[in-house]
Amino acid sequence: RGDTLKGNSEFQQRVELLQDFEFPTAAQRLRVTPDGSCVLGVGMYKPVIRCWEVDELSMKWERFLDCEATDFAILSDDWRKLVILQANRVVEFHTGGGIYYQTRVPRTCWALTYDRSSCDVVMVGSSSEVYRLNLEQGRFLEPFQSAATGLNVCTQNEVFPLLATGATNGLVECWDPRARRRAAMLSVNPLLAARSGAGDGKEKWEVTALTFSKSGMEMLAGTSGGHSLLFDIRAKEPVLIKEHPYGTPIRFLQFHGRDTVLSADTKVIKAFHRGTGATWLNLETPSDINHALVYPDSGILCVACEQPKVESYY
């Protein structure tokens, strides 16, 4: 068998970082704990959340869920405090021993983020309301009212007190939780139309991905048309626009290192220079991409796809 595998090119290129790094049918989301000790992910079918311990290079535990998980966040430095958003409007809080508490949101939500400075779990979805569940007070706060009828994504600036949301009509809105109001708003549609020199700015591109840089001064926005826009948060005009050739929605964005940006649609992952826009990596996966994860301070890239195995690249 050893002689047979020696000539197998697929086996020679295989990277097995974690044992049983897979899901029953498909992987939906991946996260790494702030202390870097564990990688967690949600997948289906059956709906499940799994945890892999990096030091042991194997799966630590798994828990099956009542419904498909659309997103989740890690509340503590390790894996022992989690919040999971499910498609049936249920929000589950998990501790080391299992489910701790369940509650429901008024409307269907499919994205959430955790604001560590205020202990708010922020959720967005099929309505114009940005729901905020304060874990210190144990109650819902008055929601922010977006100018859009639906929201796809939300993210938190870890340096400045800013919450950003991306809408189904192309709006990017930034909120200041201290003032309880919107701090800024822009639309990506007229920006893309002006840059391409075509159209009237009324194209219906949605914002499907958002992230901030470690410095908090830059923001990436991804659209349903495969565009990645790099902004300085002090300006409304993008510094750089990168377009994927397939025209499929952007699923994942991340700043990596000093000069690199990672951008993934459903077909390909691109790595390009944040200053010049020059592409130095095009990585195609065996199946459609749902999410991706770069392990901190490393070159290890984990990709959640529409397949059981979580792909790993270095």
# chains A, B, ... in the order shown; residues from 1 in each chain; ligands from 1
>>> residues_around(residues="Glu142 of chain A", least_positions_apart="4", cutoff="12 Å", atoms="only C-alpha atoms", output="PyMOL selection string")
chain A and resi 120+122+129-134+177+180-181
>>> select_by_dssp(residues="segment 158-220 of chain A", states="strand (DSSP E)", output="ChimeraX atom specification")
/A:163-167,171-176,181-187,207-212,218-220
>>> closest_residue(among="A:Leu40, A:Val105, A:Leu192, A:Met59", to="Cys302 of chain A", atoms="only C-alpha atoms")
A:Leu40
>>> closest_residue(among="A:Ser213, A:Asn282, A:Ser117, A:Ser126", to="Pro245 of chain A", atoms="only C-alpha atoms")
A:Asn282
>>> closest_residue(among="A:Asp78, A:Glu158, A:Asp259, A:Glu56", to="Arg274 of chain A", atoms="only C-alpha atoms")
A:Asp259
>>> atom_distance(atom1="atom CA of Phe21 of chain A", atom2="atom CA of Val39 of chain A")
9.8 Å
>>> residues_around(residues="Gly247 of chain A", least_positions_apart="2", cutoff="9 Å", atoms="only C-alpha atoms", output="number ranges by chain")
A: 224-227, 243-245, 249-250, 265
